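Colleague: Sharing data_13.txt (compact mmCIF, C-alpha atoms) below.
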```txt
# COMPACT_ATOMS: atom_id res chain seq x y z
CA MET A 568 0.00 0.00 0.00
CA ARG A 569 1.24 3.49 -0.83
CA ASP A 570 1.42 6.13 1.87
CA VAL A 571 -1.18 8.81 1.08
CA ALA A 572 -1.71 12.04 2.99
CA VAL A 573 -3.94 15.08 3.15
CA VAL A 574 -1.69 17.99 2.24
CA GLY A 575 -4.21 20.77 1.61
CA PHE A 576 -7.70 21.76 2.76
CA ALA A 577 -9.97 24.74 2.16
CA GLN A 578 -13.66 25.45 2.54
CA SER A 579 -16.00 28.26 1.64
CA PRO A 580 -17.64 30.26 4.43
CA GLN A 581 -20.82 28.40 5.34
CA MET A 582 -23.99 30.44 4.90
CA ARG A 583 -27.76 30.15 4.84
CA ARG A 584 -28.23 31.37 1.30
CA SER A 585 -25.67 32.23 -1.37
CA GLU A 586 -26.09 34.10 -4.62
CA GLY A 587 -25.61 32.53 -8.04
CA THR A 588 -26.54 29.23 -9.65
CA THR A 589 -26.59 25.71 -8.24
CA ASN A 590 -23.63 24.32 -10.17
CA GLY A 591 -21.10 25.22 -7.48
CA VAL A 592 -18.69 27.19 -9.68
CA GLU A 593 -18.99 30.42 -7.68
CA MET A 594 -18.16 28.60 -4.45
CA LEU A 595 -15.40 26.43 -5.91
CA VAL A 596 -13.25 28.91 -7.85
CA PRO A 597 -11.94 30.83 -4.80
CA ILE A 598 -11.21 27.73 -2.72
CA PHE A 599 -9.44 26.01 -5.62
CA ALA A 600 -7.21 29.08 -5.87
CA GLU A 601 -6.68 29.09 -2.11
CA VAL A 602 -5.65 25.45 -1.75
CA LEU A 603 -3.52 25.25 -4.90
CA GLY A 604 -1.84 28.59 -4.22
CA GLY A 605 -1.06 27.55 -0.66
CA LEU A 606 0.77 24.48 -1.96
CA GLY A 607 2.49 26.24 -4.84
CA LEU A 608 0.63 24.08 -7.37
CA VAL A 609 -1.20 24.78 -10.61
CA LYS A 610 -3.98 22.84 -12.31
CA GLY A 611 -1.54 20.78 -14.38
CA ASP A 612 0.11 19.44 -11.21
CA ILE A 613 -3.06 17.55 -10.20
CA GLY A 614 -3.16 13.98 -11.52
CA PHE A 615 -6.78 13.18 -10.66
CA TRP A 616 -9.89 15.19 -9.81
CA CYS A 617 -12.91 13.72 -8.04
CA SER A 618 -16.07 15.42 -6.82
CA GLY A 619 -19.11 14.69 -4.71
CA SER A 620 -22.48 16.40 -5.14
CA SER A 621 -26.12 15.69 -5.98
CA ASP A 622 -28.16 16.57 -9.03
CA TYR A 623 -31.29 16.17 -6.87
CA LEU A 624 -30.06 18.95 -4.58
CA ALA A 625 -29.11 21.17 -7.50
CA GLY A 626 -32.41 20.50 -9.26
CA ARG A 627 -30.70 20.01 -12.61
CA ALA A 628 -29.21 17.12 -14.55
CA PHE A 629 -25.43 16.77 -14.71
CA SER A 630 -24.80 19.74 -12.42
CA PHE A 631 -21.43 18.19 -11.55
CA ILE A 632 -20.39 18.54 -15.20
CA SER A 633 -21.17 22.26 -15.05
CA ALA A 634 -19.06 22.50 -11.88
CA ILE A 635 -16.00 21.37 -13.83
CA ASP A 636 -15.98 24.86 -15.32
CA ALA A 637 -14.42 25.88 -12.00
CA ILE A 638 -11.38 23.79 -12.94
CA GLY A 639 -11.12 24.81 -16.60
CA PRO A 640 -10.79 21.34 -18.13
CA VAL A 641 -8.80 22.38 -21.20
CA PRO A 642 -6.52 20.63 -21.84
CA PRO A 643 -8.52 17.55 -20.73
CA ILE A 644 -8.29 16.40 -17.12
CA ASN A 645 -8.56 12.99 -15.43
CA GLU A 646 -11.86 13.35 -13.56
CA SER A 647 -14.56 11.36 -11.77
CA HIS A 648 -17.66 12.01 -9.65
CA VAL A 649 -19.76 10.34 -6.97
CA GLU A 650 -23.42 11.11 -6.30
CA ALA A 651 -22.68 11.25 -2.58
CA ASP A 652 -20.83 13.28 0.01
CA ALA A 653 -17.35 14.15 -1.21
CA ALA A 654 -15.87 12.02 1.60
CA TRP A 655 -16.69 9.10 -0.70
CA ALA A 656 -14.99 10.95 -3.57
CA LEU A 657 -11.92 11.13 -1.34
CA TYR A 658 -12.11 7.36 -0.91
CA GLU A 659 -12.14 6.96 -4.70
CA ALA A 660 -9.19 9.32 -5.02
CA TRP A 661 -7.30 7.37 -2.34
CA VAL A 662 -7.88 4.17 -4.34
CA LYS A 663 -6.67 5.93 -7.50
CA LEU A 664 -3.46 6.93 -5.74
CA GLN A 665 -3.00 3.35 -4.57
CA THR A 666 -2.86 2.22 -8.22
CA GLY A 667 0.30 4.27 -8.75
CA GLU A 668 -1.15 5.95 -11.83
CA VAL A 669 -1.01 9.39 -10.21
CA ASP A 670 0.78 11.01 -7.26
CA THR A 671 -1.66 13.87 -6.54
CA ALA A 672 -5.43 14.19 -6.42
CA LEU A 673 -7.87 17.01 -5.70
CA VAL A 674 -11.23 16.17 -4.13
CA TYR A 675 -14.10 18.63 -3.84
CA GLY A 676 -17.73 18.71 -2.80
CA PHE A 677 -20.45 21.35 -3.00
CA GLY A 678 -24.08 21.84 -2.19
CA LYS A 679 -26.60 24.68 -2.34
CA SER A 680 -29.24 23.47 0.10
CA SER A 681 -31.17 26.73 0.08
CA ALA A 682 -32.20 26.30 -3.57
CA GLY A 683 -35.12 24.04 -2.69
CA ASP A 684 -36.89 22.22 0.14
CA LEU A 685 -34.06 20.16 1.64
CA ARG A 686 -36.33 18.15 3.93
CA ARG A 687 -38.38 16.92 0.97
CA THR A 688 -35.39 16.47 -1.33
CA LEU A 689 -33.72 14.11 1.13
CA ALA A 690 -36.84 11.95 1.15
CA LEU A 691 -35.76 10.81 -2.32
CA GLN A 692 -32.91 8.80 -0.76
CA LEU A 693 -35.40 6.52 1.02
CA ASP A 694 -36.60 3.12 -0.20
CA PRO A 695 -38.39 3.99 -3.49
CA TYR A 696 -41.16 1.43 -3.12
CA VAL A 697 -42.35 1.76 0.47
CA LEU A 698 -40.97 4.88 2.14
CA SER A 699 -40.16 7.50 -0.47
CA PRO A 700 -43.74 7.76 -1.85
CA LEU A 701 -44.89 8.71 1.66
CA TYR A 702 -42.39 11.60 1.69
CA PRO A 703 -41.37 11.40 5.36
CA ASP A 704 -38.93 14.31 5.47
CA SER A 705 -35.40 14.02 6.83
CA ILE A 706 -36.17 15.69 10.16
CA ALA A 707 -39.20 13.47 10.75
CA VAL A 708 -37.08 10.36 10.16
CA ALA A 709 -34.41 11.66 12.55
CA GLY A 710 -37.17 12.41 15.06
CA LEU A 711 -38.23 8.75 14.97
CA GLN A 712 -34.63 7.76 15.66
CA ALA A 713 -34.32 10.23 18.54
CA ARG A 714 -37.61 9.10 20.09
CA LEU A 715 -36.56 5.44 20.00
CA GLY A 716 -33.39 6.28 21.93
CA ILE A 717 -35.23 8.37 24.51
CA GLU A 718 -37.90 5.73 25.09
CA GLY A 719 -35.18 3.08 25.31
CA GLY A 720 -33.32 5.03 28.00
CA LYS A 721 -30.21 5.49 25.84
CA TRP A 722 -30.20 9.29 25.96
CA SER A 723 -32.34 12.21 27.07
CA GLU A 724 -33.44 15.52 25.62
CA ARG A 725 -31.12 17.23 28.10
CA GLU A 726 -28.12 15.26 26.82
CA MET A 727 -29.11 16.23 23.28
CA ALA A 728 -29.24 19.91 24.26
CA GLU A 729 -25.82 19.61 25.89
CA VAL A 730 -24.41 18.48 22.55
CA ALA A 731 -25.89 21.57 20.87
CA VAL A 732 -24.46 23.95 23.47
CA ARG A 733 -20.97 22.46 23.17
CA SER A 734 -21.08 22.47 19.37
CA ARG A 735 -22.04 26.13 19.12
CA ARG A 736 -19.44 27.04 21.74
CA ASP A 737 -16.66 25.23 19.86
CA ALA A 738 -17.75 26.87 16.61
CA GLU A 739 -16.84 30.29 18.02
CA THR A 740 -13.20 29.56 17.06
CA ASN A 741 -14.16 28.40 13.55
CA PRO A 742 -14.20 31.37 11.14
CA ASN A 743 -16.15 29.36 8.55
CA ALA A 744 -19.01 28.30 10.84
CA GLN A 745 -22.53 29.41 10.03
CA LEU A 746 -23.81 29.37 13.63
CA THR A 747 -21.85 30.16 16.77
CA GLY A 748 -22.68 30.65 20.41
CA SER A 749 -25.76 29.30 22.12
CA LYS A 750 -28.19 29.66 24.94
CA ASP A 751 -27.72 27.42 27.93
CA VAL A 752 -29.30 23.98 28.17
CA ASP A 753 -32.37 25.05 30.12
CA GLU A 754 -33.16 27.84 27.64
CA LEU A 755 -32.89 25.41 24.73
CA LEU A 756 -35.18 22.91 26.40
CA ALA A 757 -37.82 25.62 26.86
CA GLU A 758 -38.06 26.15 23.09
CA PRO A 759 -40.84 24.52 21.00
CA TYR A 760 -40.43 21.27 19.13
CA LEU A 761 -39.65 21.24 15.44
CA ALA A 762 -40.42 17.51 15.07
CA ASP A 763 -40.97 15.94 18.48
CA PRO A 764 -38.57 15.26 20.20
CA LEU A 765 -36.31 17.44 18.04
CA ARG A 766 -36.06 21.18 18.55
CA ARG A 767 -34.36 23.54 16.14
CA HIS A 768 -31.03 23.34 17.98
CA ASP A 769 -31.05 19.54 17.57
CA CYS A 770 -30.93 19.86 13.77
CA ALA A 771 -28.19 21.07 11.46
CA PRO A 772 -29.03 24.35 9.72
CA ILE A 773 -29.69 24.82 6.00
CA THR A 774 -26.26 25.62 4.59
CA ASP A 775 -24.70 26.50 1.25
CA GLY A 776 -21.02 25.66 0.96
CA ALA A 777 -18.14 23.77 -0.61
CA SER A 778 -14.86 22.18 0.44
CA VAL A 779 -11.71 20.88 -1.21
CA ILE A 780 -8.88 18.56 -0.16
CA VAL A 781 -5.60 17.80 -1.92
CA LEU A 782 -4.11 14.32 -1.49
CA ALA A 783 -0.55 13.35 -2.31
CA ALA A 784 1.38 10.09 -2.15
CA GLU A 785 4.68 9.29 -0.47
CA ASP A 786 7.58 11.64 -1.31
CA ARG A 787 5.30 14.03 -3.18
CA ALA A 788 3.40 14.67 0.06
CA ARG A 789 6.62 15.23 1.98
CA ASP A 790 7.78 17.73 -0.62
CA LEU A 791 4.57 19.75 -0.41
CA VAL A 792 4.13 20.22 3.35
CA GLU A 793 6.19 19.93 6.50
CA ARG A 794 3.75 17.64 8.33
CA PRO A 795 1.37 15.69 6.10
CA ALA A 796 -1.72 14.13 7.69
CA TRP A 797 -1.19 10.51 6.64
CA ILE A 798 -4.26 8.38 6.01
CA THR A 799 -3.44 5.23 7.94
CA GLY A 800 -6.88 3.71 7.54
CA ILE A 801 -10.05 4.41 5.59
CA ALA A 802 -13.18 2.30 5.12
CA HIS A 803 -16.90 2.62 4.63
CA ALA A 804 -19.87 0.37 5.36
CA VAL A 805 -23.63 0.47 5.02
CA ASP A 806 -26.67 -0.59 7.03
CA SER A 807 -30.08 -1.53 5.66
CA ALA A 808 -32.02 1.15 3.81
CA HIS A 809 -35.22 -0.25 5.35
CA LEU A 810 -35.72 1.65 8.58
CA GLY A 811 -37.69 -1.18 10.18
CA ALA A 812 -34.98 -3.73 9.45
CA ARG A 813 -32.36 -2.29 11.81
CA ASP A 814 -31.97 -0.84 15.28
CA LEU A 815 -31.93 2.90 14.66
CA THR A 816 -30.35 3.59 18.05
CA THR A 817 -27.04 1.98 17.05
CA SER A 818 -24.67 2.34 14.12
CA PRO A 819 -22.99 -1.01 13.39
CA SER A 820 -21.74 0.18 10.00
CA THR A 821 -19.76 2.97 11.68
CA VAL A 822 -18.20 0.49 14.08
CA ALA A 823 -17.37 -1.87 11.19
CA ALA A 824 -15.78 0.95 9.20
CA ALA A 825 -13.76 2.11 12.22
CA ASN A 826 -12.47 -1.40 12.85
CA CYS A 827 -11.47 -1.80 9.20
CA ALA A 828 -9.72 1.58 9.35
CA GLY A 829 -7.52 0.45 12.24
CA GLY A 830 -9.63 1.08 15.31
CA VAL A 831 -9.93 4.04 17.63
CA ASP A 832 -7.08 3.38 20.06
CA GLY A 833 -4.92 6.46 20.46
CA VAL A 834 -7.40 8.80 18.78
CA GLU A 835 -7.20 12.23 20.40
CA VAL A 836 -9.71 14.13 18.24
CA ALA A 837 -12.78 12.79 16.44
CA GLU A 838 -14.54 14.95 13.85
CA LEU A 839 -17.98 13.34 13.63
CA TYR A 840 -20.48 14.22 10.91
CA THR A 841 -23.69 14.20 12.92
CA PRO A 842 -26.47 16.46 11.55
CA PHE A 843 -28.59 15.77 14.65
CA THR A 844 -27.58 15.98 18.31
CA HIS A 845 -28.67 12.46 19.20
CA GLN A 846 -26.55 11.01 16.38
CA GLU A 847 -23.41 12.26 18.09
CA LEU A 848 -24.52 10.41 21.21
CA ILE A 849 -24.95 7.22 19.17
CA LEU A 850 -21.48 7.42 17.65
CA ARG A 851 -19.73 8.40 20.87
CA ARG A 852 -21.23 5.40 22.61
CA ASP A 853 -20.77 2.90 19.78
CA LEU A 854 -17.16 3.92 19.13
CA GLY A 855 -16.36 3.90 22.83
CA PHE A 856 -15.06 7.45 23.07
CA GLY A 857 -14.39 8.69 26.58
CA ASP A 858 -13.61 12.11 28.00
CA ASP A 859 -10.03 11.83 26.72
CA VAL A 860 -11.21 12.22 23.10
CA ARG A 861 -12.22 15.70 22.00
CA ILE A 862 -15.35 15.49 19.85
CA THR A 863 -15.72 17.71 16.78
CA PRO A 864 -13.79 20.80 17.93
CA SER A 865 -14.77 22.63 14.73
CA GLY A 866 -18.41 22.74 15.84
CA GLY A 867 -19.45 20.17 13.25
CA ALA A 868 -22.63 19.95 11.21
CA LEU A 869 -24.74 21.59 13.92
CA ALA A 870 -22.76 24.78 13.29
CA GLY A 871 -22.99 24.50 9.50
CA ASN A 872 -23.96 21.66 7.19
CA PRO A 873 -22.96 22.10 3.53
CA MET A 874 -24.67 19.09 1.97
CA PHE A 875 -22.37 16.75 0.01
CA ALA A 876 -19.34 18.62 1.36
CA GLY A 877 -19.88 18.23 5.12
CA GLY A 878 -18.21 14.83 5.39
CA LEU A 879 -15.20 16.07 3.44
CA VAL A 880 -15.03 19.03 5.83
CA ARG A 881 -14.79 16.60 8.74
CA ILE A 882 -11.76 14.92 7.10
CA GLY A 883 -10.21 18.31 6.41
CA GLU A 884 -10.73 19.53 9.97
CA ALA A 885 -9.24 16.31 11.39
CA ALA A 886 -6.28 16.63 9.02
CA ARG A 887 -5.80 20.23 10.14
CA GLN A 888 -5.47 19.07 13.75
CA VAL A 889 -2.80 16.55 12.72
CA SER A 890 -0.87 18.82 10.35
CA SER A 891 -0.68 21.58 12.95
CA GLY A 892 0.91 19.19 15.43
CA ALA A 893 -1.96 19.62 17.88
CA VAL A 894 -2.63 15.86 17.88
CA GLY A 895 -0.86 12.76 16.71
CA ARG A 896 -3.90 10.69 15.69
CA ALA A 897 -7.35 11.87 14.62
CA LEU A 898 -10.50 10.24 13.30
CA ALA A 899 -12.93 11.70 10.77
CA HIS A 900 -16.42 10.38 10.10
CA ALA A 901 -18.87 10.98 7.27
CA THR A 902 -22.44 9.79 6.86
CA GLY A 903 -25.08 9.59 4.17
CA GLY A 904 -28.61 8.30 3.85
CA PRO A 905 -31.35 8.31 6.49
CA ALA A 906 -30.60 7.77 10.18
CA LEU A 907 -26.85 7.07 9.82
CA GLN A 908 -27.36 4.49 7.09
CA GLN A 909 -24.01 4.82 5.25
CA ASN A 910 -20.83 5.63 7.15
CA LEU A 911 -17.19 6.27 6.34
CA VAL A 912 -14.29 6.45 8.79
CA CYS A 913 -10.86 7.91 8.00
CA VAL A 914 -7.97 7.75 10.47
CA LEU A 915 -5.13 10.23 10.09
CA GLU A 916 -1.73 10.38 11.77
CA GLY A 917 1.25 12.69 11.84
CA ARG A 918 4.82 11.53 11.57
CA ASP A 919 8.03 13.36 12.28
CA ARG A 920 10.46 13.55 9.39
```
Would you mind giving the structure from this file in structure tokens?
Modeller:
Amino acid sequence: MRDVAVVGFAQSPQMRRSEGTTNGVEMLVPIFAEVLGGLGLVKGDIGFWCSGSSDYLAGRAFSFISAIDAIGPVPPINESHVEADAAWALYEAWVKLQTGEVDTALVYGFGKSSAGDLRRTLALQLDPYVLSPLYPDSIAVAGLQARLGIEGGKWSEREMAEVAVRSRRDAETNPNAQLTGSKDVDELLAEPYLADPLRRHDCAPITDGASVIVLAAEDRARDLVERPAWITGIAHAVDSAHLGARDLTTSPSTVAAANCAGGVDGVEVAELYTPFTHQELILRRDLGFGDDVRITPSGGALAGNPMFAGGLVRIGEAARQVSSGAVGRALAHATGGPALQQNLVCVLEGRDR
């Protein structure tokens, strides 16, 4: 296996509504310039490009093809796309680097959630025969998951509110966060329900945004940055798409992915992609994280949730912690589908030269 590392990361400021079209070009051009300029690279230095987005979110066919205008694909580039969060595009790029065909790859994701009704759009990812025609929106499905955990004694509404308070507090140091600061727990619990038992603070906000990561292999990574964030393990797994066929209060696919990625021993920081407060509680418990592991210091999805880029942001934020020397081993998590159905885990480590 080749050594592959994250050597560059950039993201657009996360916002409720952005101007322009839904093809992502306006959000991508400045962050491409930022990440490539920071590494002293130009377009021709990238061996492989891979993106993650959704035509359903954009409301137009082949929106990812339009987004390639942000690259300027003349002369032709080596490019691919996944209809998923860009964390899965990063997995594809990692595999491409493993083949030895290229030494560098640029991964990007973008989403303009404010262009339509996100809650209804995400219903399209449900089982097309039984669930999707009923159009249970994404918050209603998450509410069912939260209620099952509360009734089963696995967590409480107070514990959920505590997650929200900590997330917004941590986001105060993140210049790209959409939401920062928060009321205290008791004030949050006094607010009305959005979808019982979920209140507004339990749910990630509607966010427009994009992110980009540059990967490099072996000596190329060492040449580009002083302390690469080496990917020592990466894996993804999936649970049943049928909500009644699995225990929604656990996430076995996340545990399986973490085990395949090398386990959680020695992890100091975990960037978890949890768009709902109770989902963080599920992952913390299932992965066995104690007080010695700092959870999502960037504020996470509750502070800003750029669809189809949020999982890639988690990998970038974990890599930033490693590259800065703040931690030696970090874990990043991405999710897709309803109620933590699909999950990816990436473990990153720093090494002294």
Colleague: Please determine, counting all atoms listed in the file, which residue among A:Ile849, A:Ala823, A:Ala828, A:Leu746 has the shortest atom-to-atom distance to Arg583 (chain A).
Modeller: A:Leu746
Colleague: Take CA of Ala868 (chain A) and CA of Ser820 (chain A) and report the distance between them in Å, one decimal.
Modeller: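 Taking CA of Ala868 (chain A) and CA of Ser820 (chain A), their separation equals 19.8 Å.
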Colleague: Counting only C-alpha atoms, which residue out of A:Glu758, A:Asp853, A:Asp775, A:Glu838 sits closest to Ser681 (chain A)?
Modeller: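 Looking at the shortest contact to Ser681 (chain A), the residue is A:Asp775.
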Colleague: Tell me, as an MDAnalysis selection string, which residues lie within 10 Å of Thr774 (chain A), counting only C-alpha atoms; anything in the same chain fewer than 4 positions away does not count.
Modeller: chainID A and resid 580:585 678:681 685 744:745 868 870:874 877
Colleague: Could you give me, as a ChimeraX atom specification, the residues within 10 Å of Val662 (chain A), counting all atoms listed in the file and dropping anything in the same chain fewer than 4 positions from it?
Modeller: /A:568-569,571,656-658,666-667
Colleague: Which distance in Å separates CA of Ala899 (chain A) and CA of Gln665 (chain A), to one decimal?
Modeller: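 Here the two named atoms are 20.1 Å from each other.
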Colleague: Find the residue from A:Gly626, A:Gly748, A:Gly683, A:Gly619 that sits nearest to Asp652 (chain A); use only C-alpha atoms when measuring.
Modeller: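 The shortest atom-to-atom distance to Asp652 (chain A) comes from A:Gly619.
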Colleague: Which residues are near Pro759 (chain A)? Cut-off 12 Å, only C-alpha atoms, ignore same chain within fewer than 6 positions. Put them as a PyMOL selection string.
Modeller: chain A and resi 765-769
Colleague: Please identify all polymer residues within 8 Å of Gln578 (chain A), counting all atoms listed in the file, omitting same-chain residues fewer than 6 positions from it, and present them as a VMD selection string.
Modeller: chain A and resid 598 743 776 to 779 880
Colleague: For Gly710 (chain A), which residue out of A:Leu755, A:Val894, A:Leu815, A:Val669 is the nearest one, using all atoms listed in the file?
Modeller: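 Among A:Leu755, A:Val894, A:Leu815, A:Val669, it is A:Leu815 that comes nearest to Gly710 (chain A).
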